[in-house]
$ cat final-v9.pdb   # PDB, N, CA and C atoms
ATOM      1  N   MET H   1      97.612  95.714  78.165
ATOM      2  CA  MET H   1      98.185  95.842  79.492
ATOM      3  C   MET H   1      98.316  94.438  80.094
ATOM      4  N   SER H   2      99.500  94.127  80.604
ATOM      5  CA  SER H   2      99.727  92.801  81.187
ATOM      6  C   SER H   2      98.964  92.660  82.503
ATOM      7  N   ASP H   3      98.843  91.421  82.940
ATOM      8  CA  ASP H   3      98.139  91.151  84.196
ATOM      9  C   ASP H   3      98.809  91.879  85.361
ATOM     10  N   ASN H   4     100.146  91.844  85.407
ATOM     11  CA  ASN H   4     100.856  92.543  86.482
ATOM     12  C   ASN H   4     100.631  94.047  86.408
ATOM     13  N   GLN H   5     100.602  94.597  85.204
ATOM     14  CA  GLN H   5     100.370  96.033  85.055
ATOM     15  C   GLN H   5      98.972  96.419  85.539
ATOM     16  N   GLU H   6      98.001  95.571  85.278
ATOM     17  CA  GLU H   6      96.644  95.824  85.769
ATOM     18  C   GLU H   6      96.601  95.781  87.292
ATOM     19  N   ARG H   7      97.302  94.819  87.864
ATOM     20  CA  ARG H   7      97.339  94.702  89.323
ATOM     21  C   ARG H   7      98.082  95.883  89.932
ATOM     22  N   ILE H   8      99.160  96.320  89.285
ATOM     23  CA  ILE H   8      99.887  97.497  89.765
ATOM     24  C   ILE H   8      98.961  98.707  89.760
ATOM     25  N   ALA H   9      98.222  98.895  88.686
ATOM     26  CA  ALA H   9      97.280 100.017  88.602
ATOM     27  C   ALA H   9      96.224  99.926  89.699
ATOM     28  N   GLN H  10      95.738  98.726  89.949
ATOM     29  CA  GLN H  10      94.724  98.520  90.990
ATOM     30  C   GLN H  10      95.275  98.892  92.373
ATOM     31  N   PHE H  11      96.467  98.383  92.712
ATOM     32  CA  PHE H  11      97.023  98.670  94.024
ATOM     33  C   PHE H  11      97.509 100.112  94.137
ATOM     34  N   ARG H  12      97.960 100.699  93.035
ATOM     35  CA  ARG H  12      98.340 102.117  93.064
ATOM     36  C   ARG H  12      97.115 102.975  93.381
ATOM     37  N   LYS H  13      95.986 102.636  92.777
ATOM     38  CA  LYS H  13      94.750 103.373  93.057
ATOM     39  C   LYS H  13      94.334 103.191  94.515
ATOM     40  N   MET H  14      94.417 101.962  95.001
ATOM     41  CA  MET H  14      94.063 101.703  96.401
ATOM     42  C   MET H  14      94.955 102.513  97.345
ATOM     43  N   ALA H  15      96.256 102.540  97.063
ATOM     44  CA  ALA H  15      97.198 103.264  97.919
ATOM     45  C   ALA H  15      96.976 104.773  97.844
ATOM     46  N   THR H  16      96.596 105.265  96.686
ATOM     47  CA  THR H  16      96.320 106.689  96.519
ATOM     48  C   THR H  16      95.010 107.075  97.195
ATOM     49  N   ASP H  17      93.986 106.240  97.003
ATOM     50  CA  ASP H  17      92.680 106.523  97.595
ATOM     51  C   ASP H  17      92.705 106.442  99.117
ATOM     52  N   ASP H  18      93.525 105.538  99.649
ATOM     53  CA  ASP H  18      93.631 105.364 101.102
ATOM     54  C   ASP H  18      95.109 105.275 101.481
ATOM     55  N   PRO H  19      95.768 106.418 101.700
ATOM     56  CA  PRO H  19      97.197 106.425 101.993
ATOM     57  C   PRO H  19      97.588 105.653 103.255
ATOM     58  N   GLU H  20      96.618 105.317 104.086
ATOM     59  CA  GLU H  20      96.888 104.573 105.312
ATOM     60  C   GLU H  20      96.743 103.065 105.122
ATOM     61  N   ASN H  21      96.475 102.620 103.905
ATOM     62  CA  ASN H  21      96.253 101.200 103.615
ATOM     63  C   ASN H  21      97.601 100.497 103.426
ATOM     64  N   GLU H  22      98.095  99.914 104.508
ATOM     65  CA  GLU H  22      99.423  99.288 104.456
ATOM     66  C   GLU H  22      99.471  98.110 103.496
ATOM     67  N   LEU H  23      98.383  97.369 103.382
ATOM     68  CA  LEU H  23      98.354  96.223 102.477
ATOM     69  C   LEU H  23      98.471  96.677 101.019
ATOM     70  N   ALA H  24      97.821  97.763 100.664
ATOM     71  CA  ALA H  24      97.909  98.282  99.299
ATOM     72  C   ALA H  24      99.342  98.708  98.985
ATOM     73  N   HIS H  25      99.987  99.398  99.914
ATOM     74  CA  HIS H  25     101.375  99.822  99.691
ATOM     75  C   HIS H  25     102.304  98.616  99.603
ATOM     76  N   TYR H  26     102.074  97.621 100.447
ATOM     77  CA  TYR H  26     102.890  96.411 100.428
ATOM     78  C   TYR H  26     102.764  95.669  99.101
ATOM     79  N   ARG H  27     101.538  95.409  98.675
ATOM     80  CA  ARG H  27     101.321  94.673  97.424
ATOM     81  C   ARG H  27     101.853  95.463  96.236
ATOM     82  N   LEU H  28     101.658  96.780  96.254
ATOM     83  CA  LEU H  28     102.185  97.624  95.181
ATOM     84  C   LEU H  28     103.705  97.518  95.130
ATOM     85  N   GLY H  29     104.351  97.629  96.268
ATOM     86  CA  GLY H  29     105.804  97.511  96.308
ATOM     87  C   GLY H  29     106.286  96.160  95.825
ATOM     88  N   ASP H  30     105.615  95.114  96.226
ATOM     89  CA  ASP H  30     105.982  93.754  95.811
ATOM     90  C   ASP H  30     105.854  93.601  94.291
ATOM     91  N   LEU H  31     104.763  94.067  93.743
ATOM     92  CA  LEU H  31     104.550  93.961  92.296
ATOM     93  C   LEU H  31     105.542  94.816  91.516
ATOM     94  N   LEU H  32     105.810  96.023  91.993
ATOM     95  CA  LEU H  32     106.774  96.890  91.323
ATOM     96  C   LEU H  32     108.169  96.271  91.352
ATOM     97  N   LEU H  33     108.513  95.642  92.455
ATOM     98  CA  LEU H  33     109.800  94.954  92.561
ATOM     99  C   LEU H  33     109.905  93.857  91.511
ATOM    100  N   LYS H  34     108.853  93.083  91.362
ATOM    101  CA  LYS H  34     108.832  92.001  90.376
ATOM    102  C   LYS H  34     108.922  92.532  88.949
ATOM    103  N   GLU H  35     108.441  93.741  88.727
ATOM    104  CA  GLU H  35     108.479  94.356  87.395
ATOM    105  C   GLU H  35     109.781  95.120  87.137
ATOM    106  N   GLY H  36     110.674  95.135  88.118
ATOM    107  CA  GLY H  36     111.948  95.818  87.933
ATOM    108  C   GLY H  36     111.905  97.320  88.150
ATOM    109  N   GLN H  37     110.831  97.807  88.733
ATOM    110  CA  GLN H  37     110.687  99.235  89.023
ATOM    111  C   GLN H  37     111.136  99.466  90.467
ATOM    112  N   PHE H  38     112.448  99.384  90.674
ATOM    113  CA  PHE H  38     113.013  99.297  92.012
ATOM    114  C   PHE H  38     112.823 100.561  92.855
ATOM    115  N   ALA H  39     112.990 101.728  92.273
ATOM    116  CA  ALA H  39     112.835 102.970  93.038
ATOM    117  C   ALA H  39     111.395 103.141  93.508
ATOM    118  N   ASP H  40     110.440 102.890  92.632
ATOM    119  CA  ASP H  40     109.030 102.995  93.016
ATOM    120  C   ASP H  40     108.672 101.924  94.042
ATOM    121  N   ALA H  41     109.236 100.742  93.872
ATOM    122  CA  ALA H  41     108.996  99.659  94.833
ATOM    123  C   ALA H  41     109.501 100.065  96.211
ATOM    124  N   ALA H  42     110.716 100.611  96.258
ATOM    125  CA  ALA H  42     111.295 101.026  97.534
ATOM    126  C   ALA H  42     110.426 102.083  98.208
ATOM    127  N   ALA H  43     109.907 103.023  97.443
ATOM    128  CA  ALA H  43     109.050 104.075  98.012
ATOM    129  C   ALA H  43     107.790 103.470  98.619
ATOM    130  N   SER H  44     107.171 102.535  97.934
ATOM    131  CA  SER H  44     105.960 101.901  98.456
ATOM    132  C   SER H  44     106.258 101.068  99.695
ATOM    133  N   LEU H  45     107.376 100.387  99.669
ATOM    134  CA  LEU H  45     107.740  99.555 100.810
ATOM    135  C   LEU H  45     108.118 100.409 102.018
ATOM    136  N   ARG H  46     108.770 101.537 101.778
ATOM    137  CA  ARG H  46     109.064 102.456 102.896
ATOM    138  C   ARG H  46     107.771 102.982 103.517
ATOM    139  N   ARG H  47     106.800 103.291 102.670
ATOM    140  CA  ARG H  47     105.512 103.763 103.197
ATOM    141  C   ARG H  47     104.851 102.668 104.031
ATOM    142  N   THR H  48     104.959 101.426 103.587
ATOM    143  CA  THR H  48     104.407 100.314 104.355
ATOM    144  C   THR H  48     105.037 100.279 105.736
ATOM    145  N   LEU H  49     106.344 100.458 105.803
ATOM    146  CA  LEU H  49     107.034 100.419 107.100
ATOM    147  C   LEU H  49     106.665 101.603 107.982
ATOM    148  N   GLU H  50     106.377 102.749 107.380
ATOM    149  CA  GLU H  50     105.896 103.888 108.170
ATOM    150  C   GLU H  50     104.583 103.536 108.859
ATOM    151  N   LEU H  51     103.736 102.821 108.133
ATOM    152  CA  LEU H  51     102.418 102.460 108.660
ATOM    153  C   LEU H  51     102.468 101.263 109.595
ATOM    154  N   SER H  52     103.380 100.336 109.318
ATOM    155  CA  SER H  52     103.447  99.094 110.074
ATOM    156  C   SER H  52     104.901  98.650 110.223
ATOM    157  N   PRO H  53     105.629  99.232 111.198
ATOM    158  CA  PRO H  53     107.058  98.952 111.325
ATOM    159  C   PRO H  53     107.403  97.511 111.715
ATOM    160  N   HIS H  54     106.437  96.729 112.112
ATOM    161  CA  HIS H  54     106.702  95.344 112.505
ATOM    162  C   HIS H  54     106.397  94.350 111.387
ATOM    163  N   PHE H  55     106.151  94.827 110.191
ATOM    164  CA  PHE H  55     105.822  93.990 109.027
ATOM    165  C   PHE H  55     107.145  93.465 108.470
ATOM    166  N   SER H  56     107.621  92.344 109.000
ATOM    167  CA  SER H  56     108.988  91.884 108.758
ATOM    168  C   SER H  56     109.288  91.564 107.289
ATOM    169  N   LYS H  57     108.362  91.034 106.554
ATOM    170  CA  LYS H  57     108.593  90.686 105.147
ATOM    171  C   LYS H  57     108.967  91.916 104.328
ATOM    172  N   VAL H  58     108.464  93.065 104.728
ATOM    173  CA  VAL H  58     108.722  94.299 103.994
ATOM    174  C   VAL H  58     110.202  94.665 104.038
ATOM    175  N   TYR H  59     110.854  94.395 105.156
ATOM    176  CA  TYR H  59     112.292  94.686 105.256
ATOM    177  C   TYR H  59     113.070  93.873 104.223
ATOM    178  N   GLN H  60     112.694  92.633 104.042
ATOM    179  CA  GLN H  60     113.359  91.770 103.058
ATOM    180  C   GLN H  60     113.171  92.321 101.647
ATOM    181  N   LEU H  61     111.937  92.671 101.300
ATOM    182  CA  LEU H  61     111.662  93.193  99.961
ATOM    183  C   LEU H  61     112.341  94.537  99.731
ATOM    184  N   LEU H  62     112.326  95.398 100.748
ATOM    185  CA  LEU H  62     112.998  96.690 100.624
ATOM    186  C   LEU H  62     114.495  96.478 100.420
ATOM    187  N   GLY H  63     115.074  95.543 101.146
ATOM    188  CA  GLY H  63     116.490  95.223 100.960
ATOM    189  C   GLY H  63     116.785  94.768  99.544
ATOM    190  N   GLN H  64     115.917  93.944  98.991
ATOM    191  CA  GLN H  64     116.099  93.480  97.611
ATOM    192  C   GLN H  64     116.059  94.653  96.634
ATOM    193  N   ALA H  65     115.092  95.538  96.827
ATOM    194  CA  ALA H  65     114.976  96.712  95.943
ATOM    195  C   ALA H  65     116.215  97.584  96.033
ATOM    196  N   LEU H  66     116.693  97.816  97.251
ATOM    197  CA  LEU H  66     117.866  98.664  97.434
ATOM    198  C   LEU H  66     119.111  98.020  96.833
ATOM    199  N   LEU H  67     119.254  96.725  96.998
ATOM    200  CA  LEU H  67     120.394  96.026  96.385
ATOM    201  C   LEU H  67     120.369  96.147  94.861
ATOM    202  N   LYS H  68     119.187  96.031  94.276
ATOM    203  CA  LYS H  68     119.067  96.166  92.824
ATOM    204  C   LYS H  68     119.451  97.557  92.346
ATOM    205  N   MET H  69     119.317  98.544  93.238
ATOM    206  CA  MET H  69     119.688  99.928  92.901
ATOM    207  C   MET H  69     121.112 100.243  93.368
ATOM    208  N   ASP H  70     121.857  99.210  93.780
ATOM    209  CA  ASP H  70     123.231  99.380  94.275
ATOM    210  C   ASP H  70     123.315 100.313  95.474
ATOM    211  N   ARG H  71     122.353 100.192  96.362
ATOM    212  CA  ARG H  71     122.359 100.988  97.590
ATOM    213  C   ARG H  71     122.544 100.108  98.791
TER     214      ARG H  71
END

$ encode --input "final-v9.pdb" --output "structure tokens"
Amino acid sequence: MSDNQERIAQFRKMATDDPENELAHYRLGDLLLKEGQFADAAASLRRTLELSPHFSKVYQLLGQALLKMDR
């Protein structure tokens, strides 16, 4: 398992264990985006925005994910 895959697993567990953890959803979305898993990244980033709508960096990352999916 690559280092990024281990980190994805770690943040996925954190986000699952504590669905209100905006940092876990943010980091998970960021890592998934870097791994090319755009749909999953977008879902995590949307959850981050539900929890923290003023988290401006998330809008940028979500936009990148959506562009990669031609949306």

$ axis_aligned_box --input "final-v9.pdb" --around "range 53-70 of chain H" --padding-each-side "4 Å" --output "JSON"
{"center_x": 114.5, "center_y": 95.5, "center_z": 102.4, "size_x": 25.7, "size_y": 17.6, "size_z": 28.2}

$ resolve_selection --input "final-v9.pdb" --expression "the PyMOL selection byres (((chain H and resi 52-69 and name CA) around 12) and name CA)" --output "CSV table (one decimal) with N, CA and C atoms, in the coordinates of the input"
chain,number,residue,atom,x,y,z
H,20,GLU,N,96.6,105.3,104.1
H,20,GLU,CA,96.9,104.6,105.3
H,20,GLU,C,96.7,103.1,105.1
H,21,ASN,N,96.5,102.6,103.9
H,21,ASN,CA,96.3,101.2,103.6
H,21,ASN,C,97.6,100.5,103.4
H,22,GLU,N,98.1,99.9,104.5
H,22,GLU,CA,99.4,99.3,104.5
H,22,GLU,C,99.5,98.1,103.5
H,23,LEU,N,98.4,97.4,103.4
H,23,LEU,CA,98.4,96.2,102.5
H,23,LEU,C,98.5,96.7,101.0
H,25,HIS,N,100.0,99.4,99.9
H,25,HIS,CA,101.4,99.8,99.7
H,25,HIS,C,102.3,98.6,99.6
H,26,TYR,N,102.1,97.6,100.4
H,26,TYR,CA,102.9,96.4,100.4
H,26,TYR,C,102.8,95.7,99.1
H,27,ARG,N,101.5,95.4,98.7
H,27,ARG,CA,101.3,94.7,97.4
H,27,ARG,C,101.9,95.5,96.2
H,28,LEU,N,101.7,96.8,96.3
H,28,LEU,CA,102.2,97.6,95.2
H,28,LEU,C,103.7,97.5,95.1
H,29,GLY,N,104.4,97.6,96.3
H,29,GLY,CA,105.8,97.5,96.3
H,29,GLY,C,106.3,96.2,95.8
H,30,ASP,N,105.6,95.1,96.2
H,30,ASP,CA,106.0,93.8,95.8
H,30,ASP,C,105.9,93.6,94.3
H,31,LEU,N,104.8,94.1,93.7
H,31,LEU,CA,104.6,94.0,92.3
H,31,LEU,C,105.5,94.8,91.5
H,32,LEU,N,105.8,96.0,92.0
H,32,LEU,CA,106.8,96.9,91.3
H,32,LEU,C,108.2,96.3,91.4
H,33,LEU,N,108.5,95.6,92.5
H,33,LEU,CA,109.8,95.0,92.6
H,33,LEU,C,109.9,93.9,91.5
H,34,LYS,N,108.9,93.1,91.4
H,34,LYS,CA,108.8,92.0,90.4
H,34,LYS,C,108.9,92.5,88.9
H,35,GLU,N,108.4,93.7,88.7
H,35,GLU,CA,108.5,94.4,87.4
H,35,GLU,C,109.8,95.1,87.1
H,36,GLY,N,110.7,95.1,88.1
H,36,GLY,CA,111.9,95.8,87.9
H,36,GLY,C,111.9,97.3,88.2
H,37,GLN,N,110.8,97.8,88.7
H,37,GLN,CA,110.7,99.2,89.0
H,37,GLN,C,111.1,99.5,90.5
H,38,PHE,N,112.4,99.4,90.7
H,38,PHE,CA,113.0,99.3,92.0
H,38,PHE,C,112.8,100.6,92.9
H,39,ALA,N,113.0,101.7,92.3
H,39,ALA,CA,112.8,103.0,93.0
H,39,ALA,C,111.4,103.1,93.5
H,40,ASP,N,110.4,102.9,92.6
H,40,ASP,CA,109.0,103.0,93.0
H,40,ASP,C,108.7,101.9,94.0
H,41,ALA,N,109.2,100.7,93.9
H,41,ALA,CA,109.0,99.7,94.8
H,41,ALA,C,109.5,100.1,96.2
H,42,ALA,N,110.7,100.6,96.3
H,42,ALA,CA,111.3,101.0,97.5
H,42,ALA,C,110.4,102.1,98.2
H,43,ALA,N,109.9,103.0,97.4
H,43,ALA,CA,109.0,104.1,98.0
H,43,ALA,C,107.8,103.5,98.6
H,44,SER,N,107.2,102.5,97.9
H,44,SER,CA,106.0,101.9,98.5
H,44,SER,C,106.3,101.1,99.7
H,45,LEU,N,107.4,100.4,99.7
H,45,LEU,CA,107.7,99.6,100.8
H,45,LEU,C,108.1,100.4,102.0
H,46,ARG,N,108.8,101.5,101.8
H,46,ARG,CA,109.1,102.5,102.9
H,46,ARG,C,107.8,103.0,103.5
H,47,ARG,N,106.8,103.3,102.7
H,47,ARG,CA,105.5,103.8,103.2
H,47,ARG,C,104.9,102.7,104.0
H,48,THR,N,105.0,101.4,103.6
H,48,THR,CA,104.4,100.3,104.4
H,48,THR,C,105.0,100.3,105.7
H,49,LEU,N,106.3,100.5,105.8
H,49,LEU,CA,107.0,100.4,107.1
H,49,LEU,C,106.7,101.6,108.0
H,50,GLU,N,106.4,102.7,107.4
H,50,GLU,CA,105.9,103.9,108.2
H,50,GLU,C,104.6,103.5,108.9
H,51,LEU,N,103.7,102.8,108.1
H,51,LEU,CA,102.4,102.5,108.7
H,51,LEU,C,102.5,101.3,109.6
H,70,ASP,N,121.9,99.2,93.8
H,70,ASP,CA,123.2,99.4,94.3
H,70,ASP,C,123.3,100.3,95.5
H,71,ARG,N,122.4,100.2,96.4
H,71,ARG,CA,122.4,101.0,97.6
H,71,ARG,C,122.5,100.1,98.8

$ select_by_dssp --input "final-v9.pdb" --residues "chain H" --states "alpha helix (DSSP H)" --output "PyMOL selection string"
chain H and resi 3-17+22-34+38-51+56-68

$ residues_around --input "final-v9.pdb" --residues "Lys13 in chain H" --least-positions-apart "5" --cutoff "9 Å" --atoms "only C-alpha atoms" --output "list in words"
Ile8, Asp18 and Ala24 of chain H

$ write_last_selection --input "final-v9.pdb" --atoms "N, CA and C atoms" --output "tab-separated table (two decimals), keeping the file's coordinate frame"
chain	number	residue	atom	x	y	z
H	8	ILE	N	99.16	96.32	89.28
H	8	ILE	CA	99.89	97.50	89.76
H	8	ILE	C	98.96	98.71	89.76
H	18	ASP	N	93.52	105.54	99.65
H	18	ASP	CA	93.63	105.36	101.10
H	18	ASP	C	95.11	105.28	101.48
H	24	ALA	N	97.82	97.76	100.66
H	24	ALA	CA	97.91	98.28	99.30
H	24	ALA	C	99.34	98.71	98.98

$ build_atoms --input "final-v9.pdb" --residues "range 43-68 of chain H" --atoms "N, CA, C and O atoms" --output "PDB file, in the frame of the given file"
ATOM      1  N   ALA H  43     109.907 103.023  97.443  1.00  0.00           N
ATOM      2  CA  ALA H  43     109.050 104.075  98.012  1.00  0.00           C
ATOM      3  C   ALA H  43     107.790 103.470  98.619  1.00  0.00           C
ATOM      4  O   ALA H  43     107.390 103.843  99.729  1.00  0.00           O
ATOM      5  N   SER H  44     107.171 102.535  97.934  1.00  0.00           N
ATOM      6  CA  SER H  44     105.960 101.901  98.456  1.00  0.00           C
ATOM      7  C   SER H  44     106.258 101.068  99.695  1.00  0.00           C
ATOM      8  O   SER H  44     105.491 101.069 100.660  1.00  0.00           O
ATOM      9  N   LEU H  45     107.376 100.387  99.669  1.00  0.00           N
ATOM     10  CA  LEU H  45     107.740  99.555 100.810  1.00  0.00           C
ATOM     11  C   LEU H  45     108.118 100.409 102.018  1.00  0.00           C
ATOM     12  O   LEU H  45     107.772 100.064 103.158  1.00  0.00           O
ATOM     13  N   ARG H  46     108.770 101.537 101.778  1.00  0.00           N
ATOM     14  CA  ARG H  46     109.064 102.456 102.896  1.00  0.00           C
ATOM     15  C   ARG H  46     107.771 102.982 103.517  1.00  0.00           C
ATOM     16  O   ARG H  46     107.669 103.107 104.737  1.00  0.00           O
ATOM     17  N   ARG H  47     106.800 103.291 102.670  1.00  0.00           N
ATOM     18  CA  ARG H  47     105.512 103.763 103.197  1.00  0.00           C
ATOM     19  C   ARG H  47     104.851 102.668 104.031  1.00  0.00           C
ATOM     20  O   ARG H  47     104.263 102.950 105.083  1.00  0.00           O
ATOM     21  N   THR H  48     104.959 101.426 103.587  1.00  0.00           N
ATOM     22  CA  THR H  48     104.407 100.314 104.355  1.00  0.00           C
ATOM     23  C   THR H  48     105.037 100.279 105.736  1.00  0.00           C
ATOM     24  O   THR H  48     104.338 100.104 106.747  1.00  0.00           O
ATOM     25  N   LEU H  49     106.344 100.458 105.803  1.00  0.00           N
ATOM     26  CA  LEU H  49     107.034 100.419 107.100  1.00  0.00           C
ATOM     27  C   LEU H  49     106.665 101.603 107.982  1.00  0.00           C
ATOM     28  O   LEU H  49     106.646 101.473 109.210  1.00  0.00           O
ATOM     29  N   GLU H  50     106.377 102.749 107.380  1.00  0.00           N
ATOM     30  CA  GLU H  50     105.896 103.888 108.170  1.00  0.00           C
ATOM     31  C   GLU H  50     104.583 103.536 108.859  1.00  0.00           C
ATOM     32  O   GLU H  50     104.351 103.906 109.997  1.00  0.00           O
ATOM     33  N   LEU H  51     103.736 102.821 108.133  1.00  0.00           N
ATOM     34  CA  LEU H  51     102.418 102.460 108.660  1.00  0.00           C
ATOM     35  C   LEU H  51     102.468 101.263 109.595  1.00  0.00           C
ATOM     36  O   LEU H  51     101.674 101.167 110.526  1.00  0.00           O
ATOM     37  N   SER H  52     103.380 100.336 109.318  1.00  0.00           N
ATOM     38  CA  SER H  52     103.447  99.094 110.074  1.00  0.00           C
ATOM     39  C   SER H  52     104.901  98.650 110.223  1.00  0.00           C
ATOM     40  O   SER H  52     105.373  97.788 109.483  1.00  0.00           O
ATOM     41  N   PRO H  53     105.629  99.232 111.198  1.00  0.00           N
ATOM     42  CA  PRO H  53     107.058  98.952 111.325  1.00  0.00           C
ATOM     43  C   PRO H  53     107.403  97.511 111.715  1.00  0.00           C
ATOM     44  O   PRO H  53     108.557  97.117 111.622  1.00  0.00           O
ATOM     45  N   HIS H  54     106.437  96.729 112.112  1.00  0.00           N
ATOM     46  CA  HIS H  54     106.702  95.344 112.505  1.00  0.00           C
ATOM     47  C   HIS H  54     106.397  94.350 111.387  1.00  0.00           C
ATOM     48  O   HIS H  54     106.412  93.150 111.614  1.00  0.00           O
ATOM     49  N   PHE H  55     106.151  94.827 110.191  1.00  0.00           N
ATOM     50  CA  PHE H  55     105.822  93.990 109.027  1.00  0.00           C
ATOM     51  C   PHE H  55     107.145  93.465 108.470  1.00  0.00           C
ATOM     52  O   PHE H  55     107.738  94.037 107.569  1.00  0.00           O
ATOM     53  N   SER H  56     107.621  92.344 109.000  1.00  0.00           N
ATOM     54  CA  SER H  56     108.988  91.884 108.758  1.00  0.00           C
ATOM     55  C   SER H  56     109.288  91.564 107.289  1.00  0.00           C
ATOM     56  O   SER H  56     110.395  91.816 106.815  1.00  0.00           O
ATOM     57  N   LYS H  57     108.362  91.034 106.554  1.00  0.00           N
ATOM     58  CA  LYS H  57     108.593  90.686 105.147  1.00  0.00           C
ATOM     59  C   LYS H  57     108.967  91.916 104.328  1.00  0.00           C
ATOM     60  O   LYS H  57     109.728  91.839 103.354  1.00  0.00           O
ATOM     61  N   VAL H  58     108.464  93.065 104.728  1.00  0.00           N
ATOM     62  CA  VAL H  58     108.722  94.299 103.994  1.00  0.00           C
ATOM     63  C   VAL H  58     110.202  94.665 104.038  1.00  0.00           C
ATOM     64  O   VAL H  58     110.753  95.152 103.051  1.00  0.00           O
ATOM     65  N   TYR H  59     110.854  94.395 105.156  1.00  0.00           N
ATOM     66  CA  TYR H  59     112.292  94.686 105.256  1.00  0.00           C
ATOM     67  C   TYR H  59     113.070  93.873 104.223  1.00  0.00           C
ATOM     68  O   TYR H  59     114.005  94.370 103.599  1.00  0.00           O
ATOM     69  N   GLN H  60     112.694  92.633 104.042  1.00  0.00           N
ATOM     70  CA  GLN H  60     113.359  91.770 103.058  1.00  0.00           C
ATOM     71  C   GLN H  60     113.171  92.321 101.647  1.00  0.00           C
ATOM     72  O   GLN H  60     114.128  92.438 100.871  1.00  0.00           O
ATOM     73  N   LEU H  61     111.937  92.671 101.300  1.00  0.00           N
ATOM     74  CA  LEU H  61     111.662  93.193  99.961  1.00  0.00           C
ATOM     75  C   LEU H  61     112.341  94.537  99.731  1.00  0.00           C
ATOM     76  O   LEU H  61     112.887  94.792  98.656  1.00  0.00           O
ATOM     77  N   LEU H  62     112.326  95.398 100.748  1.00  0.00           N
ATOM     78  CA  LEU H  62     112.998  96.690 100.624  1.00  0.00           C
ATOM     79  C   LEU H  62     114.495  96.478 100.420  1.00  0.00           C
ATOM     80  O   LEU H  62     115.117  97.147  99.582  1.00  0.00           O
ATOM     81  N   GLY H  63     115.074  95.543 101.146  1.00  0.00           N
ATOM     82  CA  GLY H  63     116.490  95.223 100.960  1.00  0.00           C
ATOM     83  C   GLY H  63     116.785  94.768  99.544  1.00  0.00           C
ATOM     84  O   GLY H  63     117.787  95.168  98.946  1.00  0.00           O
ATOM     85  N   GLN H  64     115.917  93.944  98.991  1.00  0.00           N
ATOM     86  CA  GLN H  64     116.099  93.480  97.611  1.00  0.00           C
ATOM     87  C   GLN H  64     116.059  94.653  96.634  1.00  0.00           C
ATOM     88  O   GLN H  64     116.885  94.742  95.716  1.00  0.00           O
ATOM     89  N   ALA H  65     115.092  95.538  96.827  1.00  0.00           N
ATOM     90  CA  ALA H  65     114.976  96.712  95.943  1.00  0.00           C
ATOM     91  C   ALA H  65     116.215  97.584  96.033  1.00  0.00           C
ATOM     92  O   ALA H  65     116.761  98.033  95.020  1.00  0.00           O
ATOM     93  N   LEU H  66     116.693  97.816  97.251  1.00  0.00           N
ATOM     94  CA  LEU H  66     117.866  98.664  97.434  1.00  0.00           C
ATOM     95  C   LEU H  66     119.111  98.020  96.833  1.00  0.00           C
ATOM     96  O   LEU H  66     119.939  98.718  96.233  1.00  0.00           O
ATOM     97  N   LEU H  67     119.254  96.725  96.998  1.00  0.00           N
ATOM     98  CA  LEU H  67     120.394  96.026  96.385  1.00  0.00           C
ATOM     99  C   LEU H  67     120.369  96.147  94.861  1.00  0.00           C
ATOM    100  O   LEU H  67     121.412  96.332  94.228  1.00  0.00           O
ATOM    101  N   LYS H  68     119.187  96.031  94.276  1.00  0.00           N
ATOM    102  CA  LYS H  68     119.067  96.166  92.824  1.00  0.00           C
ATOM    103  C   LYS H  68     119.451  97.557  92.346  1.00  0.00           C
ATOM    104  O   LYS H  68     119.864  97.748  91.213  1.00  0.00           O
TER     105      LYS H  68
END
